[in-house]
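Novice: Input: one structure, supplied below.
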Amino acid sequence: METVHLKINNIPVEVPKGYTILQAAKEANIEIPTLCYLKDINCIGACRVCMVEAKNRRGLLAACVYPVEEGLEVFTNTPAVIKSRKTTVELLLSTHKKKCLSCVRNNNCELQKLAVELGVDEDRFAGEEPRFEIDNFSPYIVRDNNKCVNCMRCVAACKNVQGISVIGGIDRGFNAHIGSAFDKTLDKAPCVGCGQCVVSCPVGALTEQPEEQKVWDAIADPTKQVLFFTAPSIKATLGEAFDMPIGTNVEGKMAAAIKRLGSNVKAFNMDFTADLTIIEEANELVDRIKNGKTLPMFTSCCPAWVKFVEHYYPEFIPNLSTCKSPQAMFGAVLKGYYCQKNNIDPKDVFVVSVIPCTAKKFEATRPQLRSDENYDDVDVALTTRELARMIKRAGLEFADLPDEDFDAPFNKATGGGVIFGATGGVLEAALRTAARILDGDFKQVDFVEVRGPEAVREVTYEIAGVKITVAVTSGLGNARMLLEKMKRGEANFQMLEVMSCPGGCINGGGQPYRTDAVSNFVDYKALRSKALYDQDKACEFRVCDDSPVIKMIYDEYFEAPGKEKAHHYLHTSYTARDKYYK
Ligand code: SF4
Ligand code: SF4
Ligand code: SF4
């Protein structure tokens with residue numbers, strides 16, 4: 001590998017050719033502040049916060065895009081550099097709606113952090129306060145352009161990661177803002193609701209549609225039972241909102257915290273319905289293979305992926321598994337089985353799912369998912385961030401809570417359910433169960449070839465004489481490439497797992513905000529995934545079929561996979577949507 005020698009603040013550094021000054025500085029443990037930069041996603045050198053000085057170079061250089069050169073001498077902290085950064089931030093604040101105290105990003109806002117670090121005067125260039133209308137119309141995301149710094153990170157996430165491009169820059173000068181084509185509100189655009197734009201935003205301009213108050217109201221209502229369940233990935237990320245190390249598994253503390261939110265609250269484990277999804281989905285796959293039905297079968301547990309197919313590739317709707325997602329299955333189980341068994345009117349239970357993304361907020365409102373036309377099965381879907389805010393508001397010292405179990409009867413799950421939160425996890429869990437169906441004596445549990453960070457993984461397994469080729473991808477830009485390959489007749493797999501968020505739900509749009517330093521220099525996806533795979537390895541049962549709760553629910557209620565009742569409560573249908581507008 002060709003390397004380059006340079007000095008940063010008089011410290012000699014040797015780095016690979018092609019590195020930027022920002023990357024080289026990181027190697028020397030020197031942090032250069034950034035704002036618009038997001039590694040591999042948004043490298044446009046636009047905000048000018050990362051400016052540095054270099055010997056024998058005129059003017060300042062943008063460290064995030066300037067490549068290192070042999071013999072270069074860089075200075076990251078000179079008076080000229082500090083003055084430039086400070087002025088840049090002061091200019092950004094001159095037209096910013098400065099409402100820190102009531103802003104959801106207070107204390108984790110990158111602009112606020114820069115302002116504090118640089119000691120800026122927020123009023124030095126007191127300008128006109130912007131008056132953009134707040135886009136509050138979609139069930140998943142709120143956009144407040146009055147707080148936008150035009151860094152383009154959300155636009156890049158939507159275009160470069162998801163390959164969708166439903167948002168972009170509109171207008172010029174003081175009117176410059178981000179929006180959808182013809183300035184339509186997000187609910188009118190073919191947005192899939194993934195929330196990757198939200199986790200990319202450094203400030204409070206993009207947030208989830210907040211729903212915590214609805215949950216507080218239900219908890220305050222003595223006629224209601226409030227039933228929470230948490231998605232598989234939440235246990236691997238919630239701790240970050242309480243300054244715990246990335247990849248800490250906080251399942252026990254999370255269950256303890258939820259139970260302490262109110263005396264009418266129960267905490268259930270959504271890994272159980274991840275198991276249930278697999279039982280139904282693996283049976284559906286075997287049925288499709290054996291009976292010559294539509295293949296490849298697509299997983300359907302990611303609602304942003306489902307909406308993507310509905311908008312952009314409706315011809316592939318028959319490929320989507322008819323299984324509801326674990327969130328939707330749990331809502332149906334609670335308003336169906338649980339209410340019947342406990343003799344409760346479904347109107348008296350308030351079902352709250354805690355989920356990794358904003359897309360599941362949309363999913364919760366889909367009419368096709370109602371198992372009874374009179375009510376939604378899931379009343380509110382909260383992101384990990386919203387749950388963290390509720391725990392903080394309840395005054396709970398999260399890190400010091402004891403580990404507790406989830407509430408019975410939905411407290412037990414298998415490793416197959418646990419790994420749903422990482423890319424490849426759904427497919428691996430389905431393979432474990434499909435192998436059982438095809439060969440009762442099949443012993444292999446780990447299908448490690450489907451795990452990992454590669455954009456697309458295609459693997460062929462032979463189980464009981466049946467060859468199964470599977471493909472896994474995450475990020476909708478990658479999914480689009482696979483679908484185009486299918487259209488050209490070049491794809492040869494029986495099952496495809498797609499998670500909209502790169503790395504899977506552990507990197508969902510509703511997960512805790514990351515600092516720039518983490519986004520750009522830490523493999524946080526690997527750390528979060530490891531927490532799930534470690535738990536899977538330690539589980540008493542790793543194949544979804546072995547779960548005692550699964551056995552109980554089929555014995556007492558659903559009888560067998562695909563039977564009439566299971567079909568009514570656990571399966572769904574999809575709707576082709578307009579490619580341009582909802
Ligand atoms: S939610 Fe996803 S699809 Fe919609 S604008 Fe954001 S990144 Fe794009
Ligand atoms: S909404 Fe956020 S991410 Fe998008 S341009 Fe504005 S500040 Fe940047
Ligand atoms: S990958 Fe997971 S977190 Fe991302 S949109 Fe899909 S379900 Fe939500």
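Residues are named by chain letter and number: chains run A, B, ... in the order of the structure tokens, numbers start at 1 in each chain, and ligands are numbered from 1 in the order shown.
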Within 9 Å of ligand 1, counting only C-alpha atoms and all ligand atoms: which residues, as JSON, numbers by chain?

Specialist: {"A": [140, 141, 154, 155, 156, 157, 158, 159, 161, 162, 163, 164, 165, 166, 167, 179, 180, 186, 189, 190, 191, 192, 193, 194, 195, 196, 197, 198, 200, 304, 308, 358, 359, 500, 509]}

Novice: Let me see the file: selected residues, C-alpha atoms, as a compact mmCIF listing (two decimals), in the first residue's frame.

Specialist:
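Saved to result32.txt:
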# COMPACT_ATOMS: atom_id res chain seq x y z
CA TYR A 140 -43.56 9.09 10.76
CA ILE A 141 -41.42 12.23 10.39
CA CYS A 154 -30.56 13.99 4.84
CA VAL A 155 -30.63 14.49 1.07
CA ALA A 156 -27.48 12.37 0.69
CA ALA A 157 -28.85 9.61 2.96
CA CYS A 158 -32.06 9.43 0.93
CA LYS A 159 -30.20 9.45 -2.40
CA VAL A 161 -27.94 5.12 0.81
CA GLN A 162 -31.55 4.48 -0.06
CA GLY A 163 -31.44 5.34 -3.76
CA ILE A 164 -34.80 7.06 -3.41
CA SER A 165 -34.21 10.83 -3.65
CA VAL A 166 -37.57 12.10 -2.50
CA ILE A 167 -36.01 15.15 -0.88
CA GLY A 179 -38.31 19.49 0.70
CA SER A 180 -39.93 17.11 -1.74
CA LEU A 186 -43.67 14.21 2.99
CA ALA A 189 -44.22 11.99 -1.61
CA PRO A 190 -43.19 8.38 -2.31
CA CYS A 191 -41.08 8.39 0.86
CA VAL A 192 -40.78 4.98 2.52
CA GLY A 193 -40.49 6.40 6.03
CA CYS A 194 -37.23 4.66 6.92
CA GLY A 195 -35.91 7.59 8.94
CA GLN A 196 -32.35 7.36 7.63
CA CYS A 197 -32.64 11.09 6.94
CA VAL A 198 -33.57 11.65 10.58
CA SER A 200 -28.35 11.67 9.57
CA ALA A 304 -39.97 0.62 4.64
CA PHE A 308 -40.58 0.62 -1.37
CA THR A 358 -40.03 5.65 11.89
CA ALA A 359 -41.41 3.33 9.18
CA SER A 500 -34.00 -0.90 4.46
CA GLY A 509 -33.88 5.57 11.74

Novice: Return as an NGL selection string every polymer residue, whether protein, DNA or RNA, with at least one atom no more than 9 Å from an atom of ligand 3; count only C-alpha atoms and all ligand atoms.

Specialist: :A and (192-196 or 233 or 301-306 or 325 or 355-360 or 420-423 or 474-475 or 498-511)

Novice: Give me the residues near range 462-473 of chain A as a CSV table (one decimal) with C-alpha atoms, in the first residue's frame, where near means some atom within 8 Å (using only C-alpha atoms) and where sequence neighbours in that chain fewer than 2 positions away do not count.

Specialist:
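Printed below is around.csv as written:
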chain,number,residue,atom,x,y,z
A,423,THR,CA,-29.0,-7.8,8.6
A,424,GLY,CA,-29.1,-11.5,7.7
A,427,LEU,CA,-32.9,-15.3,6.8
A,435,ALA,CA,-34.1,-27.0,7.7
A,438,LEU,CA,-37.2,-30.5,5.5
A,439,ASP,CA,-35.1,-32.7,7.7
A,442,PHE,CA,-30.8,-31.5,10.7
A,450,VAL,CA,-25.6,-14.8,5.5
A,454,GLU,CA,-21.1,-6.9,2.5
A,455,ALA,CA,-23.7,-5.1,0.5
A,456,VAL,CA,-25.1,-8.3,-1.0
A,457,ARG,CA,-24.6,-11.9,0.1
A,458,GLU,CA,-25.8,-14.8,-2.0
A,459,VAL,CA,-25.3,-18.3,-0.6
A,460,THR,CA,-26.5,-21.8,-1.7
A,475,GLY,CA,-30.0,-0.4,2.2
A,478,ASN,CA,-28.6,-2.2,-2.8
A,479,ALA,CA,-32.1,-3.7,-2.9
A,492,ASN,CA,-31.3,-17.2,-9.1
A,493,PHE,CA,-32.4,-17.3,-5.5
A,494,GLN,CA,-35.4,-18.6,-3.6
A,495,MET,CA,-35.5,-16.2,-0.7
A,496,LEU,CA,-34.4,-12.6,-0.4
A,497,GLU,CA,-34.0,-10.7,2.9
A,498,VAL,CA,-34.1,-6.9,2.6
A,499,MET,CA,-33.7,-4.5,5.5

Novice: Fewer than 2 positions away in the same chain doesn't count, so skip those; otherwise give me all residues within 6 Å of range 53-68 of chain A, counting only C-alpha atoms, as a list in words.

Specialist: Gly18, Tyr19, Thr20, Ile21, Leu22, Gly45, Cys50, Met51, Glu73, Val74 and Phe75 of chain A

Novice: Mind listing the residues within 8 Å of ligand 2, only C-alpha atoms and all ligand atoms counted, as a compact mmCIF listing (two decimals) with N, CA and C atoms, in the first residue's frame?

Specialist:
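Writing done, so here's out-v9.txt:
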# COMPACT_ATOMS: atom_id res chain seq x y z
N CYS A 36 -21.24 19.04 8.01
CA CYS A 36 -21.94 18.44 6.87
C CYS A 36 -21.38 17.07 6.51
N ARG A 143 -40.63 17.59 9.80
CA ARG A 143 -39.52 18.43 9.30
C ARG A 143 -39.76 19.88 9.70
N ASP A 144 -38.79 20.46 10.41
CA ASP A 144 -38.85 21.88 10.77
C ASP A 144 -37.65 22.57 10.13
N ASN A 145 -37.87 23.11 8.94
CA ASN A 145 -36.77 23.72 8.20
C ASN A 145 -36.25 24.99 8.86
N LYS A 147 -34.97 25.02 11.58
CA LYS A 147 -33.77 24.61 12.33
C LYS A 147 -32.73 23.97 11.41
N CYS A 148 -33.02 23.96 10.12
CA CYS A 148 -32.13 23.28 9.16
C CYS A 148 -30.88 24.13 8.90
N VAL A 149 -29.72 23.48 8.79
CA VAL A 149 -28.48 24.21 8.48
C VAL A 149 -28.03 23.91 7.04
N ASN A 150 -28.91 23.32 6.26
CA ASN A 150 -28.64 23.02 4.84
C ASN A 150 -27.35 22.22 4.62
N CYS A 151 -27.11 21.28 5.51
CA CYS A 151 -25.88 20.48 5.38
C CYS A 151 -26.01 19.41 4.30
N MET A 152 -27.21 19.11 3.89
CA MET A 152 -27.52 18.12 2.83
C MET A 152 -27.32 16.67 3.27
N ARG A 153 -27.11 16.44 4.56
CA ARG A 153 -26.89 15.05 5.00
C ARG A 153 -28.14 14.20 4.77
N CYS A 154 -29.32 14.76 5.03
CA CYS A 154 -30.56 13.99 4.84
C CYS A 154 -30.76 13.67 3.35
N VAL A 155 -30.45 14.67 2.52
CA VAL A 155 -30.63 14.49 1.07
C VAL A 155 -29.70 13.37 0.58
N HIS A 177 -34.23 25.79 1.23
CA HIS A 177 -34.71 24.83 2.22
C HIS A 177 -34.77 23.45 1.59
N ILE A 178 -35.04 22.46 2.42
CA ILE A 178 -35.11 21.08 1.94
C ILE A 178 -36.58 20.66 1.88
N CYS A 197 -32.89 9.65 6.98
CA CYS A 197 -32.64 11.09 6.94
C CYS A 197 -32.61 11.66 8.36
N VAL A 198 -33.46 11.12 9.22
CA VAL A 198 -33.57 11.65 10.58
C VAL A 198 -32.29 11.38 11.37
N SER A 200 -29.47 10.98 10.20
CA SER A 200 -28.35 11.67 9.57
C SER A 200 -28.31 13.15 9.92
N CYS A 201 -29.40 13.68 10.39
CA CYS A 201 -29.52 15.12 10.62
C CYS A 201 -28.75 15.51 11.90
N PRO A 202 -27.90 16.55 11.80
CA PRO A 202 -27.11 16.92 12.99
C PRO A 202 -27.87 17.77 13.99
N VAL A 203 -29.04 18.27 13.58
CA VAL A 203 -29.77 19.22 14.43
C VAL A 203 -31.23 18.77 14.59
N GLY A 204 -32.06 19.65 15.14
CA GLY A 204 -33.45 19.27 15.41
C GLY A 204 -34.40 19.54 14.25
N ALA A 205 -33.89 19.58 13.02
CA ALA A 205 -34.76 19.86 11.88
C ALA A 205 -35.60 18.65 11.48
N LEU A 206 -35.12 17.46 11.79
CA LEU A 206 -35.87 16.24 11.47
C LEU A 206 -36.02 15.40 12.73

Novice: If you run DSSP on the backbone, which residues of range 409-481 of chain A are strand (DSSP E), as number ranges by chain?

Specialist: A: 456-463, 466-474

Novice: Convert the current residue selection to file output with N, CA and C atoms, as an mmCIF file, in the first residue's frame.

Specialist:
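Result written to part-v8.cif:
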data_model
loop_
_atom_site.group_PDB
_atom_site.id
_atom_site.type_symbol
_atom_site.label_atom_id
_atom_site.label_comp_id
_atom_site.auth_asym_id
_atom_site.auth_seq_id
_atom_site.Cartn_x
_atom_site.Cartn_y
_atom_site.Cartn_z
ATOM 1 N N VAL A 456 -24.250 -7.183 -0.611
ATOM 2 C CA VAL A 456 -25.127 -8.285 -1.036
ATOM 3 C C VAL A 456 -24.421 -9.602 -0.745
ATOM 4 N N ARG A 457 -25.124 -10.532 -0.116
ATOM 5 C CA ARG A 457 -24.573 -11.883 0.109
ATOM 6 C C ARG A 457 -25.513 -12.891 -0.542
ATOM 7 N N GLU A 458 -24.962 -13.744 -1.387
ATOM 8 C CA GLU A 458 -25.769 -14.807 -1.997
ATOM 9 C C GLU A 458 -25.127 -16.132 -1.628
ATOM 10 N N VAL A 459 -25.900 -17.056 -1.061
ATOM 11 C CA VAL A 459 -25.344 -18.322 -0.595
ATOM 12 C C VAL A 459 -26.290 -19.449 -0.999
ATOM 13 N N THR A 460 -25.703 -20.598 -1.380
ATOM 14 C CA THR A 460 -26.528 -21.775 -1.666
ATOM 15 C C THR A 460 -26.287 -22.828 -0.591
ATOM 16 N N TYR A 461 -27.369 -23.333 -0.014
ATOM 17 C CA TYR A 461 -27.284 -24.419 0.966
ATOM 18 C C TYR A 461 -27.996 -25.638 0.394
ATOM 19 N N GLU A 462 -27.517 -26.828 0.803
ATOM 20 C CA GLU A 462 -28.249 -28.040 0.430
ATOM 21 C C GLU A 462 -28.765 -28.677 1.707
ATOM 22 N N ILE A 463 -30.073 -28.759 1.824
ATOM 23 C CA ILE A 463 -30.693 -29.296 3.038
ATOM 24 C C ILE A 463 -31.653 -30.401 2.628
ATOM 25 N N VAL A 466 -32.519 -30.718 -0.858
ATOM 26 C CA VAL A 466 -33.121 -29.549 -1.523
ATOM 27 C C VAL A 466 -32.094 -28.416 -1.542
ATOM 28 N N LYS A 467 -31.831 -27.884 -2.718
ATOM 29 C CA LYS A 467 -30.889 -26.756 -2.821
ATOM 30 C C LYS A 467 -31.659 -25.457 -2.616
ATOM 31 N N ILE A 468 -31.211 -24.676 -1.651
ATOM 32 C CA ILE A 468 -31.857 -23.375 -1.426
ATOM 33 C C ILE A 468 -30.798 -22.291 -1.600
ATOM 34 N N THR A 469 -31.041 -21.377 -2.536
ATOM 35 C CA THR A 469 -30.137 -20.231 -2.695
ATOM 36 C C THR A 469 -30.838 -19.015 -2.109
ATOM 37 N N VAL A 470 -30.107 -18.324 -1.232
ATOM 38 C CA VAL A 470 -30.707 -17.164 -0.571
ATOM 39 C C VAL A 470 -29.852 -15.931 -0.833
ATOM 40 N N ALA A 471 -30.478 -14.784 -0.751
ATOM 41 C CA ALA A 471 -29.736 -13.515 -0.907
ATOM 42 C C ALA A 471 -30.151 -12.572 0.216
ATOM 43 N N VAL A 472 -29.181 -11.806 0.670
ATOM 44 C CA VAL A 472 -29.418 -10.854 1.765
ATOM 45 C C VAL A 472 -28.856 -9.510 1.357
ATOM 46 N N THR A 473 -29.604 -8.464 1.638
ATOM 47 C CA THR A 473 -29.041 -7.130 1.431
ATOM 48 C C THR A 473 -29.673 -6.163 2.421
ATOM 49 N N SER A 474 -29.030 -5.031 2.592
ATOM 50 C CA SER A 474 -29.627 -3.961 3.392
ATOM 51 C C SER A 474 -29.265 -2.641 2.748
#

Novice: If you count only C-alpha atoms, which residues fall within 12 Å of Asn249 in chain A, apart from same-chain ones fewer than 4 positions away, as a PyMOL selection string?

Specialist: chain A and resi 232-240+244-245+253-255+399+403+418+506+527-536

Novice: Please produce a file of those selected residues containing C-alpha atoms, as a compact mmCIF listing (two decimals), in the first residue's frame.

Specialist:
# COMPACT_ATOMS: atom_id res chain seq x y z
CA PRO A 232 -35.18 -7.34 18.99
CA SER A 233 -32.68 -4.56 18.21
CA ILE A 234 -33.71 -2.17 21.00
CA LYS A 235 -31.84 -4.07 23.71
CA ALA A 236 -28.59 -3.48 21.76
CA THR A 237 -29.02 0.28 21.34
CA LEU A 238 -31.11 1.80 24.16
CA GLY A 239 -28.11 1.93 26.52
CA GLU A 240 -26.43 4.51 24.24
CA MET A 244 -23.49 3.29 28.10
CA PRO A 245 -20.88 1.80 25.71
CA LYS A 253 -32.76 -2.95 32.54
CA MET A 254 -35.11 -2.10 29.66
CA ALA A 255 -37.76 -4.54 30.94
CA ALA A 399 -27.89 2.37 34.36
CA ASP A 403 -32.01 -6.64 35.45
CA VAL A 418 -32.99 -12.23 18.83
CA ILE A 506 -29.67 -2.02 14.74
CA LEU A 527 -20.75 -3.49 17.88
CA ARG A 528 -24.55 -3.36 18.05
CA SER A 529 -24.90 -6.58 15.96
CA LYS A 530 -22.39 -8.39 18.16
CA ALA A 531 -24.63 -7.79 21.18
CA LEU A 532 -27.39 -9.73 19.37
CA TYR A 533 -25.22 -12.59 18.08
CA ASP A 534 -23.67 -13.00 21.55
CA GLN A 535 -27.15 -13.31 23.05
CA ASP A 536 -28.18 -15.79 20.34

Novice: For each of A:Glu133, A:Glu211, A:Asp271, A:Asp578, take the minimum atom-to-atom distance to Ile419 in chain A, counting only C-alpha atoms, then give the residue where this is smallest.

Specialist: A:Asp271

Novice: Mind the document's chain letters and residue numbers, and return as a PyMOL selection string the residues of range 37-273 of chain A that DSSP labels alpha helix (DSSP H).

Specialist: chain A and resi 79-94+110-118+153-156+196-200+212-219+251-259+271-273

Novice: Could you pull the residues within 8 Å of Met329 in chain A, counting only C-alpha atoms, minus those fewer than 6 positions along the same chain, as a PDB file with N, CA and C atoms, in the first residue's frame?

Specialist:
ATOM      1  N   THR A 273     -42.537 -12.628  18.874  1.00  0.00           N
ATOM      2  CA  THR A 273     -43.240 -12.604  17.573  1.00  0.00           C
ATOM      3  C   THR A 273     -42.258 -12.620  16.398  1.00  0.00           C
ATOM      4  N   LEU A 276     -42.400 -16.124  15.964  1.00  0.00           N
ATOM      5  CA  LEU A 276     -43.684 -16.486  15.339  1.00  0.00           C
ATOM      6  C   LEU A 276     -43.657 -16.166  13.829  1.00  0.00           C
ATOM      7  N   THR A 277     -43.061 -15.032  13.477  1.00  0.00           N
ATOM      8  CA  THR A 277     -42.934 -14.658  12.059  1.00  0.00           C
ATOM      9  C   THR A 277     -42.183 -15.746  11.305  1.00  0.00           C
ATOM     10  N   TYR A 569     -54.991 -13.735  11.609  1.00  0.00           N
ATOM     11  CA  TYR A 569     -54.294 -12.828  12.522  1.00  0.00           C
ATOM     12  C   TYR A 569     -52.858 -12.517  12.097  1.00  0.00           C
ATOM     13  N   LEU A 570     -52.226 -13.435  11.374  1.00  0.00           N
ATOM     14  CA  LEU A 570     -50.778 -13.307  11.191  1.00  0.00           C
ATOM     15  C   LEU A 570     -50.364 -12.999   9.747  1.00  0.00           C
TER      16      LEU A 570
END
